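What follows is the content of start30.pdb (PDB, C-alpha atoms and all ligand atoms).
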ATOM      1  CA  MET A 567       0.000   0.000   0.000
ATOM      2  CA  LYS A 568       1.204   3.491  -0.881
ATOM      3  CA  PRO A 569       0.461   6.620   1.166
ATOM      4  CA  THR A 570      -1.665   7.933  -1.697
ATOM      5  CA  ASP A 571      -3.781   4.722  -1.610
ATOM      6  CA  ASP A 572      -4.642   5.553   1.988
ATOM      7  CA  LEU A 573      -5.510   9.152   1.041
ATOM      8  CA  LYS A 574      -7.610   7.987  -1.939
ATOM      9  CA  GLU A 575      -9.592   5.645   0.328
ATOM     10  CA  GLU A 576     -10.276   8.613   2.570
ATOM     11  CA  HIS A 577     -11.339  10.660  -0.466
ATOM     12  CA  ASP A 578     -13.927   7.955  -1.242
ATOM     13  CA  ALA A 579     -15.299   8.227   2.301
ATOM     14  CA  VAL A 580     -15.398  12.040   2.005
ATOM     15  CA  LYS A 581     -17.285  11.804  -1.306
ATOM     16  CA  LEU A 582     -19.831   9.453   0.282
ATOM     17  CA  MET A 583     -20.263  11.917   3.163
ATOM     18  CA  LEU A 584     -20.905  14.686   0.599
ATOM     19  CA  ARG A 585     -23.617  12.608  -1.123
ATOM     20  CA  ILE A 586     -25.273  12.068   2.268
ATOM     21  CA  LEU A 587     -25.033  15.783   2.997
ATOM     22  CA  ASP A 588     -26.668  16.516  -0.366
ATOM     23  CA  GLY A 589     -29.560  14.205   0.592
ATOM     24  CA  ILE A 590     -29.945  16.027   3.915
ATOM     25  CA  CYS A 591     -29.951  19.419   2.116
ATOM     26  CA  MET A 592     -32.619  18.200  -0.326
ATOM     27  CA  ASP A 593     -34.774  17.149   2.639
ATOM     28  CA  ILE A 594     -34.299  20.581   4.217
ATOM     29  CA  ASP A 595     -35.244  22.230   0.912
ATOM     30  CA  SER A 596     -38.400  20.188   0.613
ATOM     31  CA  GLY A 597     -39.436  21.081   4.172
ATOM     32  CA  LYS A 598     -38.920  17.618   5.699
ATOM     33  CA  LYS A 599     -38.103  17.386   9.387
ATOM     34  CA  VAL A 600     -34.342  17.304   9.911
ATOM     35  CA  ASP A 601     -32.690  14.761  12.173
ATOM     36  CA  TYR A 602     -30.271  16.936  14.131
ATOM     37  CA  GLY A 603     -28.342  13.903  15.334
ATOM     38  CA  HIS A 604     -27.477  13.051  11.737
ATOM     39  CA  LEU A 605     -26.313  16.605  11.091
ATOM     40  CA  GLU A 606     -24.147  16.452  14.213
ATOM     41  CA  ASN A 607     -22.646  13.166  13.016
ATOM     42  CA  ILE A 608     -21.758  14.745   9.679
ATOM     43  CA  VAL A 609     -20.235  17.827  11.324
ATOM     44  CA  GLU A 610     -18.093  15.587  13.544
ATOM     45  CA  PHE A 611     -16.946  13.692  10.451
ATOM     46  CA  MET A 612     -15.995  16.983   8.742
ATOM     47  CA  LYS A 613     -14.062  18.199  11.778
ATOM     48  CA  VAL A 614     -12.324  14.995  12.809
ATOM     49  CA  PHE A 615     -12.050  12.688   9.780
ATOM     50  CA  VAL A 616     -11.684  15.306   7.038
ATOM     51  CA  ASP A 617      -9.810  18.060   8.795
ATOM     52  CA  LYS A 618      -7.901  16.635  11.751
ATOM     53  CA  CYS A 619      -7.003  13.340  10.097
ATOM     54  CA  HIS A 620      -6.980  13.677   6.304
ATOM     55  CA  HIS A 621      -5.789  17.267   6.032
ATOM     56  CA  THR A 622      -3.105  16.691   8.669
ATOM     57  CA  LYS A 623      -1.728  13.751   6.670
ATOM     58  CA  GLU A 624      -1.467  16.032   3.641
ATOM     59  CA  GLU A 625      -0.327  19.237   5.330
ATOM     60  CA  ALA A 626       2.165  17.762   7.779
ATOM     61  CA  HIS A 627       3.515  14.887   5.687
ATOM     62  CA  LEU A 628       2.693  14.597   1.970
ATOM     63  CA  PHE A 629       2.958  18.252   0.942
ATOM     64  CA  PRO A 630       6.238  18.987   2.791
ATOM     65  CA  ALA A 631       7.845  15.790   1.440
ATOM     66  CA  MET A 632       6.936  16.739  -2.133
ATOM     67  CA  GLU A 633       8.169  20.302  -1.665
ATOM     68  CA  LYS A 634      11.375  19.027  -0.095
ATOM     69  CA  ALA A 635      11.920  16.765  -3.112
ATOM     70  CA  GLY A 636      11.562  19.841  -5.320
ATOM     71  CA  ILE A 637       8.711  18.359  -7.370
ATOM     72  CA  SER A 638       7.613  21.265  -9.525
ATOM     73  CA  VAL A 639       3.945  20.214  -9.974
ATOM     74  CA  ALA A 640       3.669  20.095  -6.192
ATOM     75  CA  VAL A 641       5.394  23.423  -5.644
ATOM     76  CA  LYS A 642       2.887  24.956  -8.074
ATOM     77  CA  LEU A 643      -0.244  23.223  -6.705
ATOM     78  CA  ILE A 644       0.274  23.177  -2.943
ATOM     79  CA  PRO A 645      -0.450  26.870  -2.177
ATOM     80  CA  SER A 646      -3.901  26.594  -3.788
ATOM     81  CA  LEU A 647      -4.560  23.241  -2.079
ATOM     82  CA  LEU A 648      -3.740  24.777   1.323
ATOM     83  CA  GLN A 649      -5.974  27.735   0.528
ATOM     84  CA  GLU A 650      -8.818  25.325  -0.301
ATOM     85  CA  HIS A 651      -8.335  23.490   3.027
ATOM     86  CA  GLU A 652      -8.742  26.895   4.731
ATOM     87  CA  GLU A 653     -11.889  27.719   2.747
ATOM     88  CA  GLY A 654     -13.293  24.305   3.696
ATOM     89  CA  ARG A 655     -12.609  24.998   7.391
ATOM     90  CA  GLU A 656     -14.504  28.263   7.110
ATOM     91  CA  HIS A 657     -17.587  26.511   5.662
ATOM     92  CA  VAL A 658     -17.410  23.825   8.373
ATOM     93  CA  ARG A 659     -17.137  26.523  11.050
ATOM     94  CA  LYS A 660     -20.335  28.156   9.758
ATOM     95  CA  ILE A 661     -22.199  24.840   9.434
ATOM     96  CA  ASN A 662     -21.094  23.850  12.948
ATOM     97  CA  GLU A 663     -22.228  27.173  14.376
ATOM     98  CA  ALA A 664     -25.631  26.817  12.706
ATOM     99  CA  VAL A 665     -26.048  23.192  13.842
ATOM    100  CA  SER A 666     -25.121  23.983  17.457
ATOM    101  CA  GLY A 667     -27.407  27.008  17.752
ATOM    102  CA  LYS A 668     -31.152  27.532  17.513
ATOM    103  CA  MET A 669     -32.336  25.645  14.425
ATOM    104  CA  ASP A 670     -34.498  28.331  12.869
ATOM    105  CA  SER A 671     -35.030  28.892   9.156
ATOM    106  CA  GLU A 672     -31.984  31.164   8.966
ATOM    107  CA  ALA A 673     -29.783  28.448  10.482
ATOM    108  CA  LEU A 674     -31.173  25.889   8.032
ATOM    109  CA  SER A 675     -30.451  28.093   5.031
ATOM    110  CA  THR A 676     -26.909  28.734   6.357
ATOM    111  CA  ILE A 677     -26.427  24.966   6.579
ATOM    112  CA  VAL A 678     -27.702  24.358   3.043
ATOM    113  CA  ARG A 679     -25.730  27.222   1.466
ATOM    114  CA  ASN A 680     -22.440  26.341   3.146
ATOM    115  CA  SER A 681     -22.896  22.607   2.594
ATOM    116  CA  ARG A 682     -23.326  23.153  -1.133
ATOM    117  CA  ASP A 683     -20.331  25.488  -1.372
ATOM    118  CA  TYR A 684     -18.242  23.056   0.718
ATOM    119  CA  THR A 685     -19.285  20.174  -1.541
ATOM    120  CA  GLN A 686     -18.371  22.007  -4.741
ATOM    121  CA  LEU A 687     -15.045  23.034  -3.244
ATOM    122  CA  LEU A 688     -14.115  19.564  -1.997
ATOM    123  CA  ILE A 689     -15.140  17.734  -5.184
ATOM    124  CA  ARG A 690     -12.851  19.981  -7.229
ATOM    125  CA  HIS A 691     -10.103  19.746  -4.616
ATOM    126  CA  ILE A 692     -10.191  15.937  -4.390
ATOM    127  CA  ASP A 693     -10.191  15.647  -8.172
ATOM    128  CA  LYS A 694      -7.131  17.911  -8.392
ATOM    129  CA  GLU A 695      -5.224  15.827  -5.814
ATOM    130  CA  ASP A 696      -6.246  12.480  -7.330
ATOM    131  CA  ARG A 697      -5.401  13.470 -10.889
ATOM    132  CA  TYR A 698      -2.432  15.785 -10.646
ATOM    133  CA  LEU A 699      -0.732  15.409  -7.272
ATOM    134  CA  PHE A 700      -0.941  11.762  -6.196
ATOM    135  CA  PRO A 701       0.390  10.165  -9.418
ATOM    136  CA  VAL A 702       3.452  12.421  -9.208
ATOM    137  CA  ALA A 703       3.953  11.540  -5.527
ATOM    138  CA  ASP A 704       3.837   7.821  -6.414
ATOM    139  CA  ALA A 705       6.354   8.257  -9.206
ATOM    140  CA  ARG A 706       8.756  10.742  -7.659
ATOM    141  CA  LEU A 707       8.945  10.132  -3.895
ATOM    142  CA  LYS A 708      11.580   7.586  -2.899
ATOM    143  CA  PRO A 709      10.224   4.190  -1.726
ATOM    144  CA  GLU A 710      11.674   4.716   1.789
ATOM    145  CA  THR A 711      10.065   8.170   1.999
ATOM    146  CA  GLN A 712       6.728   6.583   1.080
ATOM    147  CA  GLU A 713       7.180   3.806   3.665
ATOM    148  CA  ASN A 714       7.993   6.308   6.415
ATOM    149  CA  MET A 715       5.014   8.408   5.384
ATOM    150  CA  LEU A 716       2.637   5.455   5.791
ATOM    151  CA  GLU A 717       3.958   4.979   9.332
ATOM    152  CA  SER A 718       3.424   8.683  10.055
ATOM    153  CA  PHE A 719      -0.140   8.363   8.724
ATOM    154  CA  GLU A 720      -0.805   5.584  11.234
ATOM    155  CA  LEU A 721       0.404   7.844  14.027
ATOM    156  CA  VAL A 722      -1.820  10.688  12.812
ATOM    157  CA  GLU A 723      -4.811   8.341  12.874
ATOM    158  CA  ALA A 724      -4.020   7.099  16.373
ATOM    159  CA  GLU A 725      -3.474  10.640  17.692
ATOM    160  CA  LYS A 726      -6.199  12.561  15.900
ATOM    161  CA  ILE A 727      -8.952   9.988  15.616
ATOM    162  CA  GLY A 728      -8.158   7.236  18.122
ATOM    163  CA  THR A 729      -8.462   3.474  17.896
ATOM    164  CA  GLY A 730     -11.805   2.199  16.723
ATOM    165  CA  LYS A 731     -13.121   5.634  15.792
ATOM    166  CA  HIS A 732     -12.158   5.250  12.138
ATOM    167  CA  GLU A 733     -14.334   2.147  11.821
ATOM    168  CA  GLU A 734     -17.114   3.895  13.726
ATOM    169  CA  PHE A 735     -17.082   6.706  11.144
ATOM    170  CA  HIS A 736     -17.350   4.220   8.273
ATOM    171  CA  ARG A 737     -20.230   2.469  10.041
ATOM    172  CA  MET A 738     -22.015   5.789  10.506
ATOM    173  CA  LEU A 739     -21.588   6.601   6.790
ATOM    174  CA  ARG A 740     -23.020   3.223   5.768
ATOM    175  CA  GLU A 741     -26.057   3.809   8.011
ATOM    176  CA  LEU A 742     -26.705   7.333   6.736
ATOM    177  CA  GLU A 743     -26.129   6.245   3.117
ATOM    178  CA  LYS A 744     -29.151   3.921   3.433
ATOM    179  CA  ILE A 745     -31.300   6.846   4.559
ATOM    180  CA  TYR A 746     -30.126   9.726   2.353
ATOM    181  CA  VAL A 747     -28.491   8.374  -0.796
ATOM    182  CA  LYS A 748     -30.907   7.209  -3.463
ATOM    183  CA  PRO A 749     -29.638   4.069  -5.252
TER     184      PRO A 749
HETATM  185 FE    FE B   1      -6.371  18.208   0.388
HETATM  186 FE    FE B   2      -7.108  15.080   0.068
END

If you took the structure in this file and wrote it as structure tokens, what would it be?
Amino acid sequence: MKPTDDLKEEHDAVKLMLRILDGICMDIDSGKKVDYGHLENIVEFMKVFVDKCHHTKEEAHLFPAMEKAGISVAVKLIPSLLQEHEEGREHVRKINEAVSGKMDSEALSTIVRNSRDYTQLLIRHIDKEDRYLFPVADARLKPETQENMLESFELVEAEKIGTGKHEEFHRMLRELEKIYVKP
């Protein structure tokens, strides 16, 4: 397994979360009662799985290693990728604030607006990493650098998410997929 395989697996989980979020937003739009617990689960996934775990693996390990190796595609792409992580955090902050406060119609429209912007942003971002960054990392980073990076990823998971929590997130996604994602 390569470090980018681990990151791509996480991208798949993120994309599933975004499809669930889209289903929740469609329910809000059509005036259906919202299950706040489900929204809280999704916000926790955005904060812990996406930001603390996935973005830390990229920001603290993959990006610096590629910059250090002087890979020109990476040097060109990384500033915009970091900027997109920041924009994503800002959307999550607003969604979190709306979910934790009084759920009036203003809060619901804040959730829908920011969820849709966040989704658009992340889909483009993930596509950019999958297509342009990861193949170059596979080809250009030394095998021992890639091996060490996988070990660092395991540490990030243990520190930022904790044992068992990763599987719990995947279980939660599978449950919510049945409710919100139309086959
Ligand atoms: Fe990223
Ligand atoms: Fe990523």

Q: Name the residues, by chain letter and number, that sit within 8 Å of ligand FE 2 (chain B) using only C-alpha atoms and all ligand atoms, and give them as a count of residues only.
A: 11

Q: Using all atoms listed in the file, determine which residues fall within 12 Å of ligand FE 1 (chain B), then list them as number ranges by chain.
A: A: 570, 573-574, 576-577, 580, 616-629, 643-655, 687-696, 698-700

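Each of A:Glu710, A:Ala640, A:Leu587, A:Lys634 was checked against Glu606 (chain A) using only C-alpha atoms; the smallest atom-to-atom distance is that of A:Leu587.
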
Q: Would you kindly return, as an MDAnalysis selection string, each protein, DNA or RNA residue with an atom no farther than 9 Å from any atom of Leu584 (chain A), considering all atoms listed in the file and excluding same-chain residues fewer than 4 positions away?
A: chainID A and resid 579:580 588:589 681:682 684:685 688:689

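Going from CA of Ser718 (chain A) over to CA of Glu610 (chain A), you cover 22.9 Å.
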
**Q.** Output of the PyMOL selection byres (((chain A and resi 743) around 10) and not hetatm), listed as JSON, numbers by chain
**A.** {"A": [582, 583, 585, 586, 587, 589, 737, 738, 739, 740, 741, 742, 744, 745, 746, 747, 748, 749]}

Would you mind exporting the chosen residues as a CSV table (one decimal), keeping the file's coordinate frame, restricted to C-alpha atoms?
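Written output follows (result.csv):
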chain,number,residue,atom,x,y,z
A,582,LEU,CA,-19.8,9.5,0.3
A,583,MET,CA,-20.3,11.9,3.2
A,585,ARG,CA,-23.6,12.6,-1.1
A,586,ILE,CA,-25.3,12.1,2.3
A,587,LEU,CA,-25.0,15.8,3.0
A,589,GLY,CA,-29.6,14.2,0.6
A,737,ARG,CA,-20.2,2.5,10.0
A,738,MET,CA,-22.0,5.8,10.5
A,739,LEU,CA,-21.6,6.6,6.8
A,740,ARG,CA,-23.0,3.2,5.8
A,741,GLU,CA,-26.1,3.8,8.0
A,742,LEU,CA,-26.7,7.3,6.7
A,744,LYS,CA,-29.2,3.9,3.4
A,745,ILE,CA,-31.3,6.8,4.6
A,746,TYR,CA,-30.1,9.7,2.4
A,747,VAL,CA,-28.5,8.4,-0.8
A,748,LYS,CA,-30.9,7.2,-3.5
A,749,PRO,CA,-29.6,4.1,-5.3

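Proximity to His732 (chain A) was assessed for A:Phe611, A:Pro630, A:Asp578, A:His604 counting only C-alpha atoms; the smallest distance is recorded for A:Phe611.
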
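Between CA of Glu663 (chain A) and CA of Glu575 (chain A) lies a distance of 28.6 Å.
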
Q | Selection result for the PyMOL selection byres (((chain A and resi 595) around 12) and not hetatm) on this file, as JSON, numbers by chain | A | {"A": [588, 589, 590, 591, 592, 593, 594, 596, 597, 598, 599, 600, 671, 674, 675, 676, 677, 678, 679]}

For region 589-622 of chain A of the block above, can you save N, CA and C atoms as a short mmCIF file (atom, residue, chain, number, x, y, z; two decimals), in the first residue's frame?
data_model
loop_
_atom_site.label_atom_id
_atom_site.label_comp_id
_atom_site.auth_asym_id
_atom_site.auth_seq_id
_atom_site.Cartn_x
_atom_site.Cartn_y
_atom_site.Cartn_z
N GLY A 589 -28.23 14.76 0.29
CA GLY A 589 -29.56 14.21 0.59
C GLY A 589 -30.21 14.97 1.74
N ILE A 590 -29.42 15.28 2.77
CA ILE A 590 -29.94 16.03 3.91
C ILE A 590 -30.41 17.41 3.45
N CYS A 591 -29.59 18.07 2.61
CA CYS A 591 -29.95 19.42 2.12
C CYS A 591 -31.22 19.37 1.28
N MET A 592 -31.40 18.31 0.48
CA MET A 592 -32.62 18.20 -0.33
C MET A 592 -33.84 18.05 0.58
N ASP A 593 -33.67 17.28 1.67
CA ASP A 593 -34.77 17.15 2.64
C ASP A 593 -35.11 18.50 3.26
N ILE A 594 -34.06 19.26 3.62
CA ILE A 594 -34.30 20.58 4.22
C ILE A 594 -35.06 21.46 3.22
N ASP A 595 -34.59 21.44 1.97
CA ASP A 595 -35.24 22.23 0.91
C ASP A 595 -36.71 21.87 0.74
N SER A 596 -37.01 20.57 0.86
CA SER A 596 -38.40 20.19 0.61
C SER A 596 -39.24 20.25 1.89
N GLY A 597 -38.67 20.83 2.96
CA GLY A 597 -39.44 21.08 4.17
C GLY A 597 -39.59 19.88 5.08
N LYS A 598 -38.84 18.80 4.81
CA LYS A 598 -38.92 17.62 5.70
C LYS A 598 -38.26 17.91 7.03
N LYS A 599 -38.69 17.19 8.06
CA LYS A 599 -38.10 17.39 9.39
C LYS A 599 -36.65 16.88 9.37
N VAL A 600 -35.76 17.69 9.94
CA VAL A 600 -34.34 17.30 9.91
C VAL A 600 -33.98 16.54 11.18
N ASP A 601 -33.20 15.48 11.01
CA ASP A 601 -32.69 14.76 12.17
C ASP A 601 -31.38 15.43 12.59
N TYR A 602 -31.45 16.17 13.70
CA TYR A 602 -30.27 16.94 14.13
C TYR A 602 -29.09 16.04 14.48
N GLY A 603 -29.40 14.86 15.00
CA GLY A 603 -28.34 13.90 15.33
C GLY A 603 -27.51 13.55 14.10
N HIS A 604 -28.20 13.38 12.97
CA HIS A 604 -27.48 13.05 11.74
C HIS A 604 -26.59 14.21 11.31
N LEU A 605 -27.13 15.43 11.44
CA LEU A 605 -26.31 16.60 11.09
C LEU A 605 -25.08 16.70 11.99
N GLU A 606 -25.29 16.41 13.28
CA GLU A 606 -24.15 16.45 14.21
C GLU A 606 -23.10 15.39 13.85
N ASN A 607 -23.59 14.21 13.44
CA ASN A 607 -22.65 13.17 13.02
C ASN A 607 -21.81 13.63 11.83
N ILE A 608 -22.47 14.29 10.88
CA ILE A 608 -21.76 14.74 9.68
C ILE A 608 -20.75 15.85 10.04
N VAL A 609 -21.15 16.75 10.92
CA VAL A 609 -20.24 17.83 11.32
C VAL A 609 -19.01 17.24 12.03
N GLU A 610 -19.23 16.22 12.86
CA GLU A 610 -18.09 15.59 13.54
C GLU A 610 -17.16 14.93 12.52
N PHE A 611 -17.75 14.31 11.51
CA PHE A 611 -16.95 13.69 10.45
C PHE A 611 -16.11 14.75 9.73
N MET A 612 -16.73 15.90 9.43
CA MET A 612 -16.00 16.98 8.74
C MET A 612 -14.84 17.49 9.60
N LYS A 613 -15.10 17.63 10.90
CA LYS A 613 -14.06 18.20 11.78
C LYS A 613 -12.95 17.20 12.06
N VAL A 614 -13.32 15.96 12.36
CA VAL A 614 -12.32 15.00 12.81
C VAL A 614 -11.72 14.21 11.64
N PHE A 615 -12.57 13.54 10.87
CA PHE A 615 -12.05 12.69 9.78
C PHE A 615 -11.42 13.54 8.67
N VAL A 616 -12.18 14.53 8.18
CA VAL A 616 -11.68 15.31 7.04
C VAL A 616 -10.55 16.23 7.47
N ASP A 617 -10.80 17.03 8.50
CA ASP A 617 -9.81 18.06 8.79
C ASP A 617 -8.66 17.56 9.65
N LYS A 618 -8.99 17.03 10.85
CA LYS A 618 -7.90 16.63 11.75
C LYS A 618 -7.09 15.48 11.18
N CYS A 619 -7.76 14.51 10.56
CA CYS A 619 -7.00 13.34 10.10
C CYS A 619 -6.48 13.54 8.67
N HIS A 620 -7.40 13.66 7.71
CA HIS A 620 -6.98 13.68 6.30
C HIS A 620 -6.12 14.90 5.97
N HIS A 621 -6.57 16.06 6.37
CA HIS A 621 -5.79 17.27 6.03
C HIS A 621 -4.45 17.30 6.76
N THR A 622 -4.39 16.75 7.97
CA THR A 622 -3.10 16.69 8.67
C THR A 622 -2.13 15.78 7.92
#
